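Trainee: Provided below: input-v2.tsv, containing TSV, C-alpha atoms.
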chain	number	residue	atom	x	y	z
A	1	MET	CA	11.42	-43.67	94.32
A	2	VAL	CA	10.46	-42.02	97.64
A	3	ARG	CA	13.09	-39.38	98.39
A	4	PHE	CA	10.95	-36.84	100.23
A	5	TRP	CA	8.69	-37.35	103.23
A	6	TRP	CA	6.65	-35.31	105.68
A	7	ARG	CA	8.09	-35.58	109.19
A	8	GLN	CA	5.24	-35.20	111.66
A	9	ASP	CA	7.60	-34.85	114.62
A	10	ILE	CA	8.95	-31.55	113.28
A	11	ASN	CA	6.07	-30.69	110.90
A	12	LYS	CA	8.46	-30.29	108.05
A	13	LYS	CA	9.18	-31.89	104.68
A	14	ALA	CA	12.48	-33.77	104.67
A	15	LYS	CA	14.70	-35.59	102.22
A	16	ILE	CA	15.40	-39.31	102.67
A	17	MET	CA	19.12	-39.65	102.03
A	18	ARG	CA	19.67	-43.33	102.82
A	19	LYS	CA	20.94	-45.66	100.13
A	20	VAL	CA	18.28	-47.28	97.94
A	21	LYS	CA	19.64	-49.79	95.45
A	22	PHE	CA	18.05	-50.06	92.00
A	23	PRO	CA	18.53	-52.60	89.19
A	24	PHE	CA	19.54	-51.88	85.61
A	25	GLU	CA	17.23	-54.71	84.60
A	26	PHE	CA	14.02	-55.56	86.43
A	27	ASP	CA	12.32	-58.93	85.95
A	28	VAL	CA	8.70	-58.90	87.19
A	29	LEU	CA	8.09	-62.60	86.62
A	30	ASP	CA	7.80	-63.31	90.36
A	31	LEU	CA	5.41	-60.40	90.90
A	32	VAL	CA	2.68	-61.26	88.41
A	33	THR	CA	-0.16	-63.76	88.67
A	34	ASP	CA	0.52	-67.44	88.04
A	35	ASP	CA	-1.48	-67.31	84.81
A	36	LEU	CA	0.49	-64.35	83.43
A	37	LYS	CA	3.75	-65.89	84.60
A	38	GLN	CA	3.10	-69.00	82.49
A	39	ARG	CA	2.39	-66.79	79.49
A	40	LEU	CA	5.61	-64.80	79.92
A	41	LEU	CA	7.94	-67.62	80.94
A	42	PRO	CA	8.81	-69.12	77.50
A	43	VAL	CA	9.95	-65.88	75.87
A	44	ASN	CA	11.40	-64.56	79.16
A	45	ALA	CA	13.70	-67.57	79.62
A	46	ARG	CA	14.70	-67.81	75.96
A	47	LEU	CA	15.51	-64.09	75.73
A	48	LYS	CA	17.94	-64.43	78.65
A	49	GLU	CA	19.67	-67.34	76.89
A	50	ILE	CA	19.86	-65.42	73.63
A	51	GLU	CA	21.38	-62.39	75.34
A	52	LYS	CA	24.14	-64.59	76.77
A	53	ASP	CA	24.81	-65.93	73.27
A	54	ARG	CA	24.91	-62.39	71.86
A	55	HIS	CA	27.35	-61.33	74.55
A	56	GLU	CA	29.66	-64.22	73.63
A	57	ARG	CA	29.47	-63.42	69.93
A	58	ARG	CA	30.24	-59.79	70.67
A	59	LYS	CA	33.36	-60.78	72.62
A	60	VAL	CA	34.48	-62.97	69.71
A	61	ARG	CA	34.05	-60.08	67.25
A	62	LYS	CA	36.09	-57.79	69.49
A	63	ARG	CA	38.87	-60.35	69.79
A	64	THR	CA	38.81	-60.90	66.03
A	65	ARG	CA	39.16	-57.18	65.33
A	66	LYS	CA	42.09	-56.92	67.76
A	67	THR	CA	43.77	-59.90	66.09
A	68	ASN	CA	43.34	-58.37	62.64
A	69	VAL	CA	45.07	-55.14	63.66
A	70	SER	CA	47.84	-56.85	65.66
A	71	PRO	CA	51.24	-57.50	64.05
A	72	SER	CA	51.46	-60.87	62.34
A	73	ILE	CA	53.28	-63.59	64.25
A	74	VAL	CA	55.17	-66.06	62.09
A	75	VAL	CA	55.17	-69.59	63.53
A	76	PRO	CA	58.23	-71.65	62.54
A	77	PRO	CA	57.28	-74.79	60.58
A	78	GLU	CA	59.00	-77.05	63.07
A	79	SER	CA	56.80	-75.80	65.92
A	80	ALA	CA	53.57	-76.81	64.21
A	81	PRO	CA	51.92	-79.85	65.86
A	82	PRO	CA	51.96	-83.07	63.80
A	83	VAL	CA	48.73	-84.05	62.08
A	84	SER	CA	47.58	-87.61	62.47
A	85	PRO	CA	46.95	-89.34	59.11
A	86	THR	CA	43.61	-90.59	60.49
A	87	MET	CA	42.38	-87.15	61.52
A	88	THR	CA	39.85	-85.35	59.34
A	89	VAL	CA	41.25	-81.86	58.81
A	90	GLY	CA	38.74	-79.13	59.67
A	91	GLY	CA	36.62	-81.32	61.94
A	92	ALA	CA	36.67	-81.10	65.73
A	93	ASP	CA	35.41	-84.63	66.14
A	94	GLY	CA	36.58	-86.23	62.91
A	95	LEU	CA	33.01	-87.11	61.92
A	96	GLU	CA	31.51	-86.67	58.51
A	97	GLY	CA	28.15	-87.13	56.87
A	98	PRO	CA	25.17	-88.24	59.00
A	99	ASP	CA	27.25	-88.66	62.18
A	100	ARG	CA	28.41	-85.08	62.02
A	101	ALA	CA	24.97	-83.74	61.20
A	102	SER	CA	23.52	-85.18	64.39
A	103	GLY	CA	25.01	-82.42	66.57
A	104	ALA	CA	22.93	-80.07	68.76
A	105	THR	CA	20.96	-77.62	66.68
A	106	HIS	CA	20.86	-74.93	69.39
A	107	SER	CA	24.66	-74.71	69.63
A	108	ALA	CA	24.87	-74.56	65.85
A	109	LEU	CA	22.59	-71.54	65.82
A	110	SER	CA	24.16	-69.69	68.73
A	111	ALA	CA	27.83	-70.66	68.38
A	112	PRO	CA	30.01	-67.51	68.28
A	113	ASP	CA	31.14	-67.85	64.67
A	114	PRO	CA	32.86	-64.60	63.56
A	115	ASP	CA	32.35	-65.53	59.90
A	116	MET	CA	28.56	-65.55	60.15
A	117	ASP	CA	26.72	-62.28	59.73
A	118	GLU	CA	25.33	-61.04	63.03
A	119	GLY	CA	22.27	-59.78	61.22
A	120	GLU	CA	21.38	-63.35	60.26
A	121	PHE	CA	21.71	-64.46	63.86
A	122	ARG	CA	19.46	-61.61	65.01
A	123	GLU	CA	16.82	-62.36	62.40
A	124	ARG	CA	16.66	-66.04	63.40
A	125	GLU	CA	16.54	-65.16	67.09
A	126	ALA	CA	13.81	-62.59	66.54
A	127	ASN	CA	11.70	-65.13	64.66
A	128	GLU	CA	12.22	-67.70	67.40
A	129	LEU	CA	11.20	-65.24	70.13
A	130	ASP	CA	8.20	-64.05	68.13
A	131	ALA	CA	6.94	-67.64	67.93
A	132	LEU	CA	7.15	-67.93	71.73
A	133	ILE	CA	5.11	-64.82	72.51
A	134	ASP	CA	1.66	-65.52	73.90
A	135	PRO	CA	-0.96	-64.67	71.22
A	136	GLU	CA	-3.10	-62.60	73.60
A	137	LEU	CA	-0.10	-60.57	74.77
A	138	LYS	CA	1.00	-60.06	71.19
A	139	ALA	CA	-2.45	-58.72	70.32
A	140	ASP	CA	-2.24	-56.15	73.13
A	141	PRO	CA	-0.10	-53.21	71.85
A	142	GLY	CA	0.53	-51.93	75.38
A	143	SER	CA	1.67	-55.17	76.99
A	144	ASN	CA	5.17	-56.22	77.97
A	145	VAL	CA	5.63	-59.60	76.28
A	146	THR	CA	8.94	-60.43	78.02
A	147	GLY	CA	8.22	-59.49	81.64
A	148	ILE	CA	11.56	-57.66	81.74
A	149	TYR	CA	12.16	-53.92	82.06
A	150	GLU	CA	15.46	-52.13	81.43
A	151	LEU	CA	16.64	-48.86	82.93
A	152	VAL	CA	17.10	-46.19	80.25
A	153	GLY	CA	16.84	-42.91	82.16
A	154	MET	CA	17.09	-41.30	85.56
A	155	VAL	CA	16.61	-38.00	87.39
A	156	THR	CA	18.67	-37.33	90.51
A	157	HIS	CA	18.37	-34.77	93.30
A	158	LYS	CA	21.43	-33.15	94.84
A	159	GLY	CA	21.38	-31.43	98.21
A	160	PRO	CA	20.20	-32.05	101.81
A	161	SER	CA	16.96	-30.08	101.67
A	162	ALA	CA	13.56	-31.11	100.34
A	163	ASP	CA	12.77	-27.48	99.49
A	164	SER	CA	15.82	-26.80	97.37
A	165	GLY	CA	18.60	-28.56	95.52
A	166	HIS	CA	19.75	-29.40	92.04
A	167	TYR	CA	18.27	-31.90	89.58
A	168	ILE	CA	20.36	-33.77	87.00
A	169	ALA	CA	19.14	-36.07	84.21
A	170	PHE	CA	20.83	-39.21	82.86
A	171	ALA	CA	19.96	-41.27	79.78
A	172	ARG	CA	21.43	-44.38	78.18
A	173	ALA	CA	23.36	-43.30	75.10
A	174	ASP	CA	22.22	-46.05	72.75
A	175	VAL	CA	18.56	-45.22	73.46
A	176	LEU	CA	19.13	-41.57	72.53
A	177	ASP	CA	20.97	-42.49	69.33
A	178	ARG	CA	18.72	-45.30	68.22
A	179	ARG	CA	15.23	-44.15	69.17
A	180	ASP	CA	12.86	-46.38	67.14
A	181	SER	CA	15.20	-46.97	64.22
A	182	PRO	CA	16.26	-50.52	63.28
A	183	ILE	CA	19.25	-51.88	65.16
A	184	THR	CA	22.19	-52.30	62.79
A	185	ASP	CA	25.20	-51.51	65.01
A	186	TYR	CA	25.29	-54.70	67.06
A	187	ASP	CA	28.41	-53.69	68.98
A	188	THR	CA	27.06	-50.44	70.41
A	189	ASP	CA	28.15	-50.13	74.02
A	190	THR	CA	24.97	-50.16	76.14
A	191	ASP	CA	27.07	-49.32	79.20
A	192	GLN	CA	27.57	-45.75	78.01
A	193	TRP	CA	25.26	-43.07	79.45
A	194	VAL	CA	24.86	-39.33	78.97
A	195	LYS	CA	24.66	-36.82	81.81
A	196	PHE	CA	22.55	-33.66	81.39
A	197	ASP	CA	23.57	-31.11	84.03
A	198	ASP	CA	21.85	-27.90	82.90
A	199	ASP	CA	23.72	-26.92	79.73
A	200	LYS	CA	26.60	-29.27	80.43
A	201	VAL	CA	26.25	-32.56	78.55
A	202	SER	CA	28.88	-35.24	79.10
A	203	PRO	CA	29.34	-39.02	78.71
A	204	ILE	CA	29.36	-41.19	81.82
A	205	PRO	CA	29.89	-44.95	82.26
A	206	ALA	CA	27.15	-47.15	83.69
A	207	GLU	CA	29.28	-47.89	86.76
A	208	ARG	CA	28.97	-44.28	87.88
A	209	VAL	CA	25.23	-44.29	87.27
A	210	GLY	CA	24.84	-47.39	89.42
A	211	VAL	CA	26.32	-45.69	92.50
A	212	LEU	CA	23.84	-42.81	92.47
A	213	ASP	CA	21.80	-44.62	95.12
A	214	GLY	CA	21.99	-42.04	97.90
A	215	GLY	CA	23.71	-42.12	101.25
A	216	GLY	CA	24.64	-38.44	101.42
A	217	GLU	CA	24.02	-34.97	100.07
A	218	ASP	CA	25.38	-35.74	96.62
A	219	SER	CA	23.16	-36.68	93.66
A	220	ALA	CA	20.76	-39.50	94.53
A	221	ALA	CA	18.34	-41.34	92.26
A	222	TYR	CA	14.86	-39.79	92.51
A	223	ILE	CA	13.02	-40.82	89.34
A	224	LEU	CA	13.87	-44.05	87.50
A	225	LEU	CA	12.71	-44.53	83.91
A	226	TYR	CA	12.30	-48.11	82.71
A	227	ARG	CA	11.05	-49.40	79.38
A	228	SER	CA	9.83	-52.83	78.32
A	229	LYS	CA	12.62	-55.03	77.08
A	230	ARG	CA	11.75	-55.94	73.52
A	231	ALA	CA	11.90	-59.49	72.22
A	232	ILE	CA	14.28	-58.69	69.33
Before we go any further, please render this structure as structure tokens.
Mentor:
Amino acid sequence: MVRFWWRQDINKKAKIMRKVKFPFEFDVLDLVTDDLKQRLLPVNARLKEIEKDRHERRKVRKRTRKTNVSPSIVVPPESAPPVSPTMTVGGADGLEGPDRASGATHSALSAPDPDMDEGEFREREANELDALIDPELKADPGSNVTGIYELVGMVTHKGPSADSGHYIAFARADVLDRRDSPITDYDTDTDQWVKFDDDKVSPIPAERVGVLDGGGEDSAAYILLYRSKRAI
């Protein structure tokens, strides 16, 4: 990010303090060639759908945990709704056998079922995404197979001068904790960041990182660190 510039009118290096917005997730699909776009599109689109499904399942797990720790509420028998003698208990549509089995397979895989192990969901999703990756991109160890980059680190500059000031580093907490190890904690908060201000290390929410876009003498984003979003 260009934060410093040589001003010819005064023959002096100056800091650019205007606001420059930056994304937490950067999709390059519209910036690549048409050929590469077609290669990236299948896994790119499916990954976005899967992430929405994961977000919904995560919300269900959080609600389930809150319900489990909440005091039990006893419902009087008379307040229970009557059950029709023609209704199949346990079925949303009252269908059984072949009729019931004809439902949508995608919703069956991605439905936020708190009783199903999240690890099983992730394994199925990973296999599905792996099958969508273009063979040539998969064979290239340095390629980004999704076309999506995610912000994981940042360096800011504080102060009005281009010749002095204070630099502060920020990093996403889950990236620091996880490194290259397998993902097993599926509810880790990716909105939590860590601020490194000299020897002072402190947690900081993503909302505060997102406003470090300049506009004054306070800390402004100078170096943005993105990594390829993995198809897992």
Trainee: Please report, as JSON lines, each residue of region 2-67 of chain A lying at most 6 Å from region 210-224 of chain A, together with the nearest pair of atoms and the separation in Å rounded to one decimal; use only C-alpha atoms, and order rows by chain and ascending residue number.
Mentor:
{"residue": "A:Met17", "atom": "CA", "partner": "A:Gly215", "partner_atom": "CA", "distance": 5.3}
{"residue": "A:Arg18", "atom": "CA", "partner": "A:Gly215", "partner_atom": "CA", "distance": 4.5}
{"residue": "A:Lys19", "atom": "CA", "partner": "A:Gly214", "partner_atom": "CA", "distance": 4.4}
{"residue": "A:Val20", "atom": "CA", "partner": "A:Asp213", "partner_atom": "CA", "distance": 5.2}
{"residue": "A:Lys21", "atom": "CA", "partner": "A:Asp213", "partner_atom": "CA", "distance": 5.6}
Trainee: From the options A:Lys12, A:His157, A:His166, A:Arg39, which residue's atoms come nearest to Pro135 (chain A), counting all atoms listed in the file?
Mentor: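 When distances to Pro135 (chain A) are compared using all atoms listed in the file, the smallest one comes from A:Arg39.
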Trainee: When you look at Asn44 (chain A) with a cut-off of 12 Å (counting all atoms listed in the file), what residues show up, excluding the ones that are within fewer than 5 positions of it in the same chain? I need them as a PyMOL selection string.
Mentor: chain A and resi 26-30+36-39+49-51+129-130+132-134+144-149+228-232
Trainee: Do you have the CA of Glu120 (chain A)-CA of Arg46 (chain A) distance handy?
Mentor: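 According to the coordinates, CA of Glu120 (chain A) and CA of Arg46 (chain A) are separated by 17.6 Å.
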Trainee: Please compute the CA of Met1 (chain A)-CA of Lys15 (chain A) distance, one decimal, in Å.
Mentor: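 CA of Lys15 (chain A) lies 11.8 Å from CA of Met1 (chain A).
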Trainee: What is the distance between CA of Arg122 (chain A) and CA of Gly142 (chain A), in Å to one decimal?
Mentor: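 Those two atoms sit 23.7 Å apart.
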Trainee: Within 8 Å of region 169-176 of chain A, counting only C-alpha atoms, which residues show up once you throw out same-chain ones fewer than 6 positions away? Write them as a ChimeraX atom specification, please.
Mentor: /A:152-156,188-197
Trainee: Quick one: of A:Leu151, A:Leu31, A:Ala126, A:Ile10, who's nearest to Ala206 (chain A), counting all atoms listed in the file?
Mentor: A:Leu151
Trainee: Find the residues with any atom within 12 Å of (12.8, -30.6, 96.4); use only C-alpha atoms and the coordinates as given in the file, and write the answer as a PyMOL selection string.
Mentor: chain A and resi 2-5+13-16+156-167+222
Trainee: Please put the answer as JSON: centre and edge lengths, in Å with one decimal, of a box along x, y and z that encloses all listed atoms of region 41-57 of chain A plus 4 Å on each side.
Mentor:
{"center_x": 18.8, "center_y": -65.2, "center_z": 75.4, "size_x": 29.7, "size_y": 15.8, "size_z": 19.0}
